[in-house]
Amino acid sequence: MSHGSEQPPENAMNSTDARKDLFALVKAAEEGGVTTLIHKRDDRALLAPLDRFPAARQPGAFPSHVLSAAQKDFGELISRAARGEPQVLRRSRTPVAVLLPVDINSASHSSDPAAGLAASAGGAVNSQGTQGRAGAPRRLATLGDTIGSVLSSGPAGGLSYGLPGLDAATGGLQPGLLTLVAAPPAGGGSLLGLAAARQTALVDGRKVLYAASGPNRADIFRRILAAETGADYPRLKQGRLTEHEQQVAEQLRQQASVLLIDDGSDLTAEAIAETAPHVEDLALVVVDRLQAAHNARLPLSGNRLPDASQALATLARTLHVPVLAVVDSTDPALLSLLDADITLTLAPTDDPSKVQVTVTEQDFGAIGSAYLGLDLVHARFLDAGPAPVAGAGHEGSAPSVGTAVERQLAEVALPYTSGAQQGLPAAVTHVLAALRTALAGGDQKALDELGPSLVQVATAPPPLPETAEGRGLAVALHAYGSTGTPGQPVAAQPAADGGAAADAGDEDGTEREQELRPGDEEDEPDSAPFPALKLLKDAVGRSKMHPIKVIRIEDRQSGPWPLISEHMDGEPRWIHPDVTSTRVPFIRANGKRVRRDQLDVPSGFGAGTLCLIDRNGSYPSACSAVPLAPNKLLHTGPLPAFDKASAGIYLIDIPQWSRTDMPHPLGRIIDRPDAQGRVWVTTPHIKQLERLVRDGHLAAMPTIHDSWTGKANESLFKPFYAAARQARMELVQAGGEPYKAYKTRLSIALRLLWPKREEQKSPFWRPDWRMSMVAEASVRHWTTAFKAVQEGHTLIALRNVDAAVFWTELDMPPDTYRIGTGFGEVKAKFVQAGEVIPEGDD
């Protein structure tokens, strides 16, 4: 691209208007090559297509921001660009536009305005046009460019291992670096590589190349399944899966495209380096494993390892992604030859279920350590809390003190107590640092003395930064304030509306849903952070089954349609029969007066606290596999048995349920039987009853007295689910208005499947689809709680499709739940019995 002088931008806007229209402006730049001049007081910057500045396409070359985060901090980005620091704008991980400084004089002296802008920005010495030519100078960066990039990108933070203690000790997996996991044979090194792969692929939804030189792909799948479900790995090796494990396996199949496995027998480091550049949006490479002993069958073994390590280090730098390699040796002589950037050395402790990980950085030596729980039966590591600080004693010598809530608070406060993050009052930082020191040193007396100060901080927390670290600290402080300290119980304080706790993954707006209003049925504008309705229409439209999206108005008063009601959702509204529940007045943080539950647990339940479980995204998560009929429902009448190839609605007898520790599996459906004691249910509940009969929890399947069915399909909404899941991962960290808008549009799109009023001109009218989706969410909610009860946990209450309350002695949620911010994962909070539960329906 060559011009004699700088071309004027096609339009100009102030920063406030540009912020509002950012998504549309970026689309215009991306698709139409439109450049926009943006001014903010004395600062001016160009929002330009990437062709104007090709260097922006290089990963890590300049500060980059996902669009939702860029919209939130747009004014600051304009100022940085105006000062000469180009800011790259990304959709997910793909650069789509760039903010450039406006320097007409500098650009006019160059035949390439992009080169002029790069020079004025203090960037690369040579332009992109010269790269790749024989004899061309290497790309150099000034110190000023490096400082600007580091400061604008914030503290270093890599991909997570999914183990908070290890993440705190390492800072995560850093792009461009080779990390070596050194463990003795059978010491769990492979499981650490697998933990990083699971977190990156299955939780974060990012591409992983898993190069398996030791295990084969079947072993890898079984280990993932064991870790995800808590199943016994030896039993899975025999090919025996429970119904729940089969369900999880099917869910993993839906995420299979983000975890790519190469278990070829001729796997070499060179082959990995040749394959990796062809994996689009690659985020992590895991090599499992390098074998110290020579094996003629395996190239990644013996004296070939130093060369292999060098090739993997070069791959990390070239692609600017983390490379994690596992080696089955802790021999210092071998590790020095491998010359990794970071080495994690696993060593056994006096406790056979715990290992210590020492973190060593090249040229600096040991920089940290952490303890991990070794759970070989379930093929995984568990977080075991922080390791002792230097000087606190020898390995394993510090006694275990503090509750899980206290340890979690110390961990999430680490960015602030270490000085990596700023923004807390000095007194608060001092208290949190003292907490970490007391825990690491096993000093119970110091921990007791800190109690009143910690309670004061938790019940009246300071304003916290709107960052991932700030939101995490807010959640941990709230959890601590809910449980208090021994002898000093503290009433739970609800998180402020729209505050840090809500931004960390609160699905309130989705689960309780938005009331439809005229205009909601219109497609979202191009500037919308998440075009939910467009995506839902596209998902249905691409189905090869040619779905019938709308039942004609004249047909809605006959056939199956009058039989469908909101009560078919099957949501449980249940309190344990031995627990007293009282609705009491409560004032939310925004001043709104509401009523909330107060649960009094009898003394016969033993000592403990209430663990509040809140599932994220129950409705959109259910969209991953909803059994329904895309086409017309036909009257199929009484059926001798449920036909798995069909879906629809079924009139059945209410099955007897004798257990008192769990609600009826049909939830509130049983509250409105007809004169013969029968109820209509959708396919998800029929399939649930079949599983309960097969597992011996129900005596027999109820008789199907009538039915309306069609050919079954479980993937109609799957593309919509995938898009919603990806958008959530991008927006939940940014929080603020883009995330709120995302939740609102997600709720509206799903509600539009069954609009109730004539003035709502929805593109859909399929009440059976709507109620099947909600019923699927209810079934998943009930099933997970039932599994926890089967494992010995005490369920106190089960409500809606997302809320559960357990009685626990250990301040830990049941392990059938997965803590996190993703769809289907949960948040866990703790309150004392008799205290008001701050969350609930208004």
# chains A, B, ... in the order shown; residues from 1 in each chain; ligands from 1
>>> residues_around(residues="Ile551 (chain A)", least_positions_apart="4", cutoff="12 Å", atoms="only C-alpha atoms", output="VMD selection string")
chain A and resid 547 555 to 561 630 to 633 753 to 755 762 to 769
>>> write_last_selection(atoms="N, CA, C and O atoms", output="PDB file, in the first residue's frame")
ATOM      1  N   PRO A 547     -36.845 -26.661  10.385  1.00  0.00           N
ATOM      2  CA  PRO A 547     -37.757 -26.460  11.519  1.00  0.00           C
ATOM      3  C   PRO A 547     -38.921 -25.540  11.163  1.00  0.00           C
ATOM      4  O   PRO A 547     -38.802 -24.641  10.334  1.00  0.00           O
ATOM      5  N   ASP A 555     -53.966 -21.934  14.382  1.00  0.00           N
ATOM      6  CA  ASP A 555     -53.753 -23.295  14.882  1.00  0.00           C
ATOM      7  C   ASP A 555     -53.421 -23.348  16.365  1.00  0.00           C
ATOM      8  O   ASP A 555     -53.326 -24.445  16.937  1.00  0.00           O
ATOM      9  N   ARG A 556     -53.245 -22.209  16.977  1.00  0.00           N
ATOM     10  CA  ARG A 556     -52.718 -22.198  18.346  1.00  0.00           C
ATOM     11  C   ARG A 556     -53.749 -22.584  19.408  1.00  0.00           C
ATOM     12  O   ARG A 556     -53.372 -22.869  20.548  1.00  0.00           O
ATOM     13  N   GLN A 557     -55.015 -22.590  19.058  1.00  0.00           N
ATOM     14  CA  GLN A 557     -56.047 -22.915  20.042  1.00  0.00           C
ATOM     15  C   GLN A 557     -56.488 -24.366  19.965  1.00  0.00           C
ATOM     16  O   GLN A 557     -57.487 -24.757  20.586  1.00  0.00           O
ATOM     17  N   SER A 558     -55.757 -25.172  19.187  1.00  0.00           N
ATOM     18  CA  SER A 558     -56.117 -26.585  19.067  1.00  0.00           C
ATOM     19  C   SER A 558     -54.846 -27.428  19.102  1.00  0.00           C
ATOM     20  O   SER A 558     -53.735 -26.904  19.174  1.00  0.00           O
ATOM     21  N   GLY A 559     -55.005 -28.744  19.001  1.00  0.00           N
ATOM     22  CA  GLY A 559     -53.852 -29.624  19.008  1.00  0.00           C
ATOM     23  C   GLY A 559     -53.121 -29.597  20.345  1.00  0.00           C
ATOM     24  O   GLY A 559     -53.734 -29.478  21.410  1.00  0.00           O
ATOM     25  N   PRO A 560     -51.796 -29.669  20.329  1.00  0.00           N
ATOM     26  CA  PRO A 560     -51.038 -29.743  21.587  1.00  0.00           C
ATOM     27  C   PRO A 560     -50.847 -28.397  22.272  1.00  0.00           C
ATOM     28  O   PRO A 560     -50.486 -28.356  23.451  1.00  0.00           O
ATOM     29  N   TRP A 561     -51.077 -27.299  21.561  1.00  0.00           N
ATOM     30  CA  TRP A 561     -50.622 -26.000  22.056  1.00  0.00           C
ATOM     31  C   TRP A 561     -51.330 -25.536  23.321  1.00  0.00           C
ATOM     32  O   TRP A 561     -50.680 -25.004  24.228  1.00  0.00           O
ATOM     33  N   PRO A 630     -38.135 -30.371  16.015  1.00  0.00           N
ATOM     34  CA  PRO A 630     -38.112 -29.135  15.214  1.00  0.00           C
ATOM     35  C   PRO A 630     -39.342 -28.968  14.334  1.00  0.00           C
ATOM     36  O   PRO A 630     -39.723 -27.844  14.009  1.00  0.00           O
ATOM     37  N   ASN A 631     -39.988 -30.073  13.951  1.00  0.00           N
ATOM     38  CA  ASN A 631     -41.100 -29.983  13.018  1.00  0.00           C
ATOM     39  C   ASN A 631     -42.444 -30.059  13.741  1.00  0.00           C
ATOM     40  O   ASN A 631     -42.513 -29.906  14.955  1.00  0.00           O
ATOM     41  N   LYS A 632     -43.473 -30.323  12.988  1.00  0.00           N
ATOM     42  CA  LYS A 632     -44.819 -30.334  13.528  1.00  0.00           C
ATOM     43  C   LYS A 632     -45.002 -31.476  14.520  1.00  0.00           C
ATOM     44  O   LYS A 632     -44.487 -32.577  14.329  1.00  0.00           O
ATOM     45  N   LEU A 633     -45.748 -31.209  15.610  1.00  0.00           N
ATOM     46  CA  LEU A 633     -46.082 -32.263  16.566  1.00  0.00           C
ATOM     47  C   LEU A 633     -47.341 -32.975  16.081  1.00  0.00           C
ATOM     48  O   LEU A 633     -48.361 -32.354  15.792  1.00  0.00           O
ATOM     49  N   LEU A 753     -38.794 -17.255  22.152  1.00  0.00           N
ATOM     50  CA  LEU A 753     -39.252 -18.532  21.613  1.00  0.00           C
ATOM     51  C   LEU A 753     -40.747 -18.723  21.861  1.00  0.00           C
ATOM     52  O   LEU A 753     -41.414 -19.458  21.129  1.00  0.00           O
ATOM     53  N   TRP A 754     -41.256 -18.088  22.909  1.00  0.00           N
ATOM     54  CA  TRP A 754     -42.690 -18.198  23.225  1.00  0.00           C
ATOM     55  C   TRP A 754     -43.214 -16.860  23.738  1.00  0.00           C
ATOM     56  O   TRP A 754     -43.424 -16.699  24.930  1.00  0.00           O
ATOM     57  N   PRO A 755     -43.412 -15.877  22.846  1.00  0.00           N
ATOM     58  CA  PRO A 755     -44.000 -14.605  23.273  1.00  0.00           C
ATOM     59  C   PRO A 755     -45.475 -14.813  23.623  1.00  0.00           C
ATOM     60  O   PRO A 755     -46.173 -15.597  22.975  1.00  0.00           O
ATOM     61  N   SER A 762     -42.639 -11.688  17.459  1.00  0.00           N
ATOM     62  CA  SER A 762     -41.425 -12.496  17.486  1.00  0.00           C
ATOM     63  C   SER A 762     -41.268 -13.300  16.207  1.00  0.00           C
ATOM     64  O   SER A 762     -42.256 -13.684  15.580  1.00  0.00           O
ATOM     65  N   PRO A 763     -40.016 -13.604  15.811  1.00  0.00           N
ATOM     66  CA  PRO A 763     -39.797 -14.521  14.685  1.00  0.00           C
ATOM     67  C   PRO A 763     -40.084 -15.978  15.056  1.00  0.00           C
ATOM     68  O   PRO A 763     -39.944 -16.860  14.214  1.00  0.00           O
ATOM     69  N   PHE A 764     -40.444 -16.222  16.327  1.00  0.00           N
ATOM     70  CA  PHE A 764     -40.718 -17.576  16.795  1.00  0.00           C
ATOM     71  C   PHE A 764     -42.083 -17.635  17.476  1.00  0.00           C
ATOM     72  O   PHE A 764     -42.579 -16.637  17.999  1.00  0.00           O
ATOM     73  N   TRP A 765     -42.670 -18.810  17.473  1.00  0.00           N
ATOM     74  CA  TRP A 765     -43.771 -19.161  18.387  1.00  0.00           C
ATOM     75  C   TRP A 765     -43.794 -20.665  18.498  1.00  0.00           C
ATOM     76  O   TRP A 765     -44.515 -21.368  17.805  1.00  0.00           O
ATOM     77  N   ARG A 766     -42.928 -21.175  19.366  1.00  0.00           N
ATOM     78  CA  ARG A 766     -42.847 -22.608  19.620  1.00  0.00           C
ATOM     79  C   ARG A 766     -42.762 -22.830  21.128  1.00  0.00           C
ATOM     80  O   ARG A 766     -41.674 -22.973  21.705  1.00  0.00           O
ATOM     81  N   PRO A 767     -43.924 -22.854  21.812  1.00  0.00           N
ATOM     82  CA  PRO A 767     -43.892 -23.072  23.272  1.00  0.00           C
ATOM     83  C   PRO A 767     -43.252 -24.389  23.669  1.00  0.00           C
ATOM     84  O   PRO A 767     -42.682 -24.496  24.748  1.00  0.00           O
ATOM     85  N   ASP A 768     -43.329 -25.421  22.795  1.00  0.00           N
ATOM     86  CA  ASP A 768     -42.696 -26.699  23.142  1.00  0.00           C
ATOM     87  C   ASP A 768     -41.189 -26.566  23.160  1.00  0.00           C
ATOM     88  O   ASP A 768     -40.499 -27.180  23.988  1.00  0.00           O
ATOM     89  N   TRP A 769     -40.609 -25.755  22.253  1.00  0.00           N
ATOM     90  CA  TRP A 769     -39.166 -25.517  22.282  1.00  0.00           C
ATOM     91  C   TRP A 769     -38.781 -24.790  23.567  1.00  0.00           C
ATOM     92  O   TRP A 769     -37.807 -25.144  24.227  1.00  0.00           O
TER      93      TRP A 769
END
>>> select_by_dssp(residues="region 596-667 of chain A", states="alpha helix (DSSP H)", output="JSON, numbers by chain")
{"A": [618, 619, 620, 621, 622]}
>>> residues_around(residues="region 212-227 of chain A", least_positions_apart="4", cutoff="8 Å", atoms="only C-alpha atoms", output="list in words")
Leu194, Arg198, Ala231, Asp232, Tyr233, Leu236, Lys237, Glu245, Val248, Ala249, Ile261, Asp262, Asp263, Gly264, Ser265, Leu267, Val287, Asp288, Arg289, Leu290, Leu298, Leu300, His378, Ala379 and Arg380 of chain A
>>> residues_around(residues="region 797-810 of chain A", least_positions_apart="4", cutoff="9 Å", atoms="only C-alpha atoms", output="PDB file with N, CA and C atoms, in the first residue's frame")
ATOM      1  N   THR A 403      -9.205 -21.556  57.672  1.00  0.00           N
ATOM      2  CA  THR A 403     -10.293 -22.190  56.922  1.00  0.00           C
ATOM      3  C   THR A 403     -10.043 -22.041  55.432  1.00  0.00           C
ATOM      4  N   ALA A 404     -10.837 -22.767  54.646  1.00  0.00           N
ATOM      5  CA  ALA A 404     -10.720 -22.658  53.190  1.00  0.00           C
ATOM      6  C   ALA A 404     -11.028 -21.249  52.718  1.00  0.00           C
ATOM      7  N   GLU A 511     -31.171 -15.870  34.313  1.00  0.00           N
ATOM      8  CA  GLU A 511     -32.014 -16.883  34.921  1.00  0.00           C
ATOM      9  C   GLU A 511     -33.409 -16.356  35.242  1.00  0.00           C
ATOM     10  N   ARG A 512     -33.495 -15.113  35.708  1.00  0.00           N
ATOM     11  CA  ARG A 512     -34.818 -14.583  36.046  1.00  0.00           C
ATOM     12  C   ARG A 512     -35.484 -13.956  34.848  1.00  0.00           C
ATOM     13  N   GLY A 570     -40.777 -27.699  35.377  1.00  0.00           N
ATOM     14  CA  GLY A 570     -40.264 -28.641  36.371  1.00  0.00           C
ATOM     15  C   GLY A 570     -39.303 -28.026  37.367  1.00  0.00           C
ATOM     16  N   GLU A 571     -39.291 -26.705  37.471  1.00  0.00           N
ATOM     17  CA  GLU A 571     -38.387 -26.070  38.432  1.00  0.00           C
ATOM     18  C   GLU A 571     -38.727 -26.535  39.848  1.00  0.00           C
ATOM     19  N   PRO A 572     -37.719 -26.918  40.636  1.00  0.00           N
ATOM     20  CA  PRO A 572     -37.996 -27.316  42.022  1.00  0.00           C
ATOM     21  C   PRO A 572     -38.214 -26.091  42.909  1.00  0.00           C
ATOM     22  N   ARG A 573     -39.166 -26.177  43.782  1.00  0.00           N
ATOM     23  CA  ARG A 573     -39.401 -25.119  44.787  1.00  0.00           C
ATOM     24  C   ARG A 573     -39.431 -25.835  46.132  1.00  0.00           C
ATOM     25  N   TRP A 574     -38.263 -26.247  46.604  1.00  0.00           N
ATOM     26  CA  TRP A 574     -38.204 -27.243  47.684  1.00  0.00           C
ATOM     27  C   TRP A 574     -37.335 -26.790  48.833  1.00  0.00           C
ATOM     28  N   ILE A 575     -37.819 -27.019  50.057  1.00  0.00           N
ATOM     29  CA  ILE A 575     -37.051 -26.844  51.295  1.00  0.00           C
ATOM     30  C   ILE A 575     -37.075 -28.166  52.040  1.00  0.00           C
ATOM     31  N   HIS A 576     -35.963 -28.570  52.617  1.00  0.00           N
ATOM     32  CA  HIS A 576     -35.897 -29.819  53.384  1.00  0.00           C
ATOM     33  C   HIS A 576     -37.012 -29.832  54.438  1.00  0.00           C
ATOM     34  N   VAL A 579     -36.252 -28.514  57.918  1.00  0.00           N
ATOM     35  CA  VAL A 579     -35.695 -27.166  58.023  1.00  0.00           C
ATOM     36  C   VAL A 579     -36.833 -26.149  58.009  1.00  0.00           C
ATOM     37  N   VAL A 601     -31.748 -24.377  60.691  1.00  0.00           N
ATOM     38  CA  VAL A 601     -31.390 -25.790  60.583  1.00  0.00           C
ATOM     39  C   VAL A 601     -31.387 -26.403  61.983  1.00  0.00           C
ATOM     40  N   PHE A 605     -28.686 -31.787  62.643  1.00  0.00           N
ATOM     41  CA  PHE A 605     -27.873 -31.800  61.439  1.00  0.00           C
ATOM     42  C   PHE A 605     -26.381 -31.665  61.752  1.00  0.00           C
ATOM     43  N   GLY A 606     -26.038 -31.374  63.013  1.00  0.00           N
ATOM     44  CA  GLY A 606     -24.639 -31.221  63.389  1.00  0.00           C
ATOM     45  C   GLY A 606     -24.121 -29.828  63.091  1.00  0.00           C
ATOM     46  N   ALA A 607     -22.840 -29.613  63.414  1.00  0.00           N
ATOM     47  CA  ALA A 607     -22.227 -28.308  63.183  1.00  0.00           C
ATOM     48  C   ALA A 607     -22.012 -28.100  61.688  1.00  0.00           C
ATOM     49  N   GLY A 608     -22.128 -26.867  61.268  1.00  0.00           N
ATOM     50  CA  GLY A 608     -21.899 -26.570  59.861  1.00  0.00           C
ATOM     51  C   GLY A 608     -22.375 -25.191  59.475  1.00  0.00           C
ATOM     52  N   THR A 609     -22.284 -24.905  58.190  1.00  0.00           N
ATOM     53  CA  THR A 609     -22.747 -23.642  57.623  1.00  0.00           C
ATOM     54  C   THR A 609     -23.555 -23.940  56.363  1.00  0.00           C
ATOM     55  N   LEU A 610     -24.274 -22.937  55.905  1.00  0.00           N
ATOM     56  CA  LEU A 610     -25.044 -23.060  54.675  1.00  0.00           C
ATOM     57  C   LEU A 610     -24.153 -22.699  53.493  1.00  0.00           C
ATOM     58  N   CYS A 611     -24.051 -23.597  52.541  1.00  0.00           N
ATOM     59  CA  CYS A 611     -23.288 -23.364  51.313  1.00  0.00           C
ATOM     60  C   CYS A 611     -24.288 -23.024  50.206  1.00  0.00           C
ATOM     61  N   LEU A 612     -24.218 -21.812  49.697  1.00  0.00           N
ATOM     62  CA  LEU A 612     -25.137 -21.343  48.663  1.00  0.00           C
ATOM     63  C   LEU A 612     -24.504 -21.578  47.296  1.00  0.00           C
ATOM     64  N   ILE A 613     -25.156 -22.375  46.479  1.00  0.00           N
ATOM     65  CA  ILE A 613     -24.685 -22.695  45.134  1.00  0.00           C
ATOM     66  C   ILE A 613     -25.493 -21.881  44.124  1.00  0.00           C
ATOM     67  N   ASP A 614     -24.807 -21.196  43.226  1.00  0.00           N
ATOM     68  CA  ASP A 614     -25.465 -20.400  42.185  1.00  0.00           C
ATOM     69  C   ASP A 614     -24.890 -20.815  40.835  1.00  0.00           C
ATOM     70  N   ARG A 615     -25.692 -21.507  40.015  1.00  0.00           N
ATOM     71  CA  ARG A 615     -25.225 -21.984  38.708  1.00  0.00           C
ATOM     72  C   ARG A 615     -25.231 -20.839  37.707  1.00  0.00           C
ATOM     73  N   ASN A 616     -24.198 -20.789  36.889  1.00  0.00           N
ATOM     74  CA  ASN A 616     -24.075 -19.758  35.862  1.00  0.00           C
ATOM     75  C   ASN A 616     -24.740 -20.211  34.561  1.00  0.00           C
ATOM     76  N   GLY A 617     -25.535 -19.340  33.991  1.00  0.00           N
ATOM     77  CA  GLY A 617     -26.057 -19.563  32.647  1.00  0.00           C
ATOM     78  C   GLY A 617     -26.815 -20.862  32.474  1.00  0.00           C
ATOM     79  N   SER A 618     -27.740 -21.174  33.387  1.00  0.00           N
ATOM     80  CA  SER A 618     -28.448 -22.445  33.295  1.00  0.00           C
ATOM     81  C   SER A 618     -29.220 -22.589  31.990  1.00  0.00           C
ATOM     82  N   TYR A 619     -29.900 -21.535  31.562  1.00  0.00           N
ATOM     83  CA  TYR A 619     -30.694 -21.626  30.335  1.00  0.00           C
ATOM     84  C   TYR A 619     -29.820 -21.751  29.085  1.00  0.00           C
ATOM     85  N   MET A 662     -34.536 -35.228  48.919  1.00  0.00           N
ATOM     86  CA  MET A 662     -34.509 -34.617  47.594  1.00  0.00           C
ATOM     87  C   MET A 662     -35.930 -34.294  47.160  1.00  0.00           C
ATOM     88  N   PRO A 663     -36.135 -33.227  46.417  1.00  0.00           N
ATOM     89  CA  PRO A 663     -37.478 -32.939  45.900  1.00  0.00           C
ATOM     90  C   PRO A 663     -37.873 -33.951  44.829  1.00  0.00           C
ATOM     91  N   VAL A 774     -36.241 -24.940  29.093  1.00  0.00           N
ATOM     92  CA  VAL A 774     -36.278 -24.663  30.532  1.00  0.00           C
ATOM     93  C   VAL A 774     -36.295 -25.978  31.320  1.00  0.00           C
ATOM     94  N   ALA A 775     -37.026 -26.973  30.812  1.00  0.00           N
ATOM     95  CA  ALA A 775     -37.061 -28.263  31.497  1.00  0.00           C
ATOM     96  C   ALA A 775     -35.680 -28.922  31.512  1.00  0.00           C
ATOM     97  N   ALA A 777     -32.842 -27.377  31.611  1.00  0.00           N
ATOM     98  CA  ALA A 777     -32.078 -26.681  32.658  1.00  0.00           C
ATOM     99  C   ALA A 777     -32.474 -27.191  34.043  1.00  0.00           C
ATOM    100  N   SER A 778     -33.773 -27.404  34.272  1.00  0.00           N
ATOM    101  CA  SER A 778     -34.238 -27.914  35.562  1.00  0.00           C
ATOM    102  C   SER A 778     -33.705 -29.321  35.832  1.00  0.00           C
ATOM    103  N   VAL A 779     -33.731 -30.174  34.814  1.00  0.00           N
ATOM    104  CA  VAL A 779     -33.259 -31.550  34.973  1.00  0.00           C
ATOM    105  C   VAL A 779     -31.768 -31.569  35.324  1.00  0.00           C
ATOM    106  N   ARG A 780     -30.965 -30.767  34.633  1.00  0.00           N
ATOM    107  CA  ARG A 780     -29.526 -30.729  34.937  1.00  0.00           C
ATOM    108  C   ARG A 780     -29.279 -30.236  36.355  1.00  0.00           C
ATOM    109  N   HIS A 781     -30.046 -29.219  36.775  1.00  0.00           N
ATOM    110  CA  HIS A 781     -29.919 -28.667  38.132  1.00  0.00           C
ATOM    111  C   HIS A 781     -30.238 -29.747  39.166  1.00  0.00           C
ATOM    112  N   TRP A 782     -31.348 -30.442  38.974  1.00  0.00           N
ATOM    113  CA  TRP A 782     -31.774 -31.480  39.913  1.00  0.00           C
ATOM    114  C   TRP A 782     -30.770 -32.638  39.930  1.00  0.00           C
ATOM    115  N   ALA A 785     -27.569 -31.910  41.890  1.00  0.00           N
ATOM    116  CA  ALA A 785     -27.834 -31.904  43.331  1.00  0.00           C
ATOM    117  C   ALA A 785     -28.042 -33.326  43.848  1.00  0.00           C
ATOM    118  N   HIS A 793     -23.744 -35.629  50.827  1.00  0.00           N
ATOM    119  CA  HIS A 793     -23.974 -34.225  51.169  1.00  0.00           C
ATOM    120  C   HIS A 793     -25.437 -33.995  51.527  1.00  0.00           C
ATOM    121  N   PRO A 814     -20.000 -29.171  47.554  1.00  0.00           N
ATOM    122  CA  PRO A 814     -19.881 -30.560  47.097  1.00  0.00           C
ATOM    123  C   PRO A 814     -19.035 -30.642  45.829  1.00  0.00           C
ATOM    124  N   VAL A 826     -20.379 -22.989  38.829  1.00  0.00           N
ATOM    125  CA  VAL A 826     -21.117 -22.366  39.928  1.00  0.00           C
ATOM    126  C   VAL A 826     -20.239 -21.404  40.722  1.00  0.00           C
ATOM    127  N   ALA A 833     -26.384 -20.602  59.658  1.00  0.00           N
ATOM    128  CA  ALA A 833     -27.791 -20.968  59.784  1.00  0.00           C
ATOM    129  C   ALA A 833     -28.531 -19.872  60.545  1.00  0.00           C
ATOM    130  N   GLY A 840     -32.074 -14.185  45.999  1.00  0.00           N
ATOM    131  CA  GLY A 840     -33.402 -14.782  45.895  1.00  0.00           C
ATOM    132  C   GLY A 840     -34.277 -14.012  44.942  1.00  0.00           C
TER     133      GLY A 840
END
>>> atom_distance(atom1="CA of Ile654 (chain A)", atom2="CA of Asp569 (chain A)")
15.1 Å
>>> closest_residue(among="A:Leu376, A:Ile548, A:Leu746, A:Met568", to="Val681 (chain A)", atoms="only C-alpha atoms")
A:Met568
>>> residues_around(residues="Ala476 (chain A)", least_positions_apart="4", cutoff="7 Å", atoms="only C-alpha atoms", output="mmCIF file with C-alpha atoms, in the first residue's frame")
data_model
loop_
_atom_site.group_PDB
_atom_site.id
_atom_site.type_symbol
_atom_site.label_atom_id
_atom_site.label_comp_id
_atom_site.auth_asym_id
_atom_site.auth_seq_id
_atom_site.Cartn_x
_atom_site.Cartn_y
_atom_site.Cartn_z
ATOM 1 C CA GLN A 408 -8.890 -18.338 49.374
ATOM 2 C CA LEU A 409 -8.931 -14.718 50.566
ATOM 3 C CA GLY A 472 -12.052 -11.715 42.592
ATOM 4 C CA TYR A 480 -15.310 -14.160 54.369
#
>>> atom_distance(atom1="CA of Thr784 (chain A)", atom2="CA of Gly696 (chain A)")
17.1 Å
>>> atom_distance(atom1="CA of Ala446 (chain A)", atom2="CA of Leu432 (chain A)")
12.4 Å
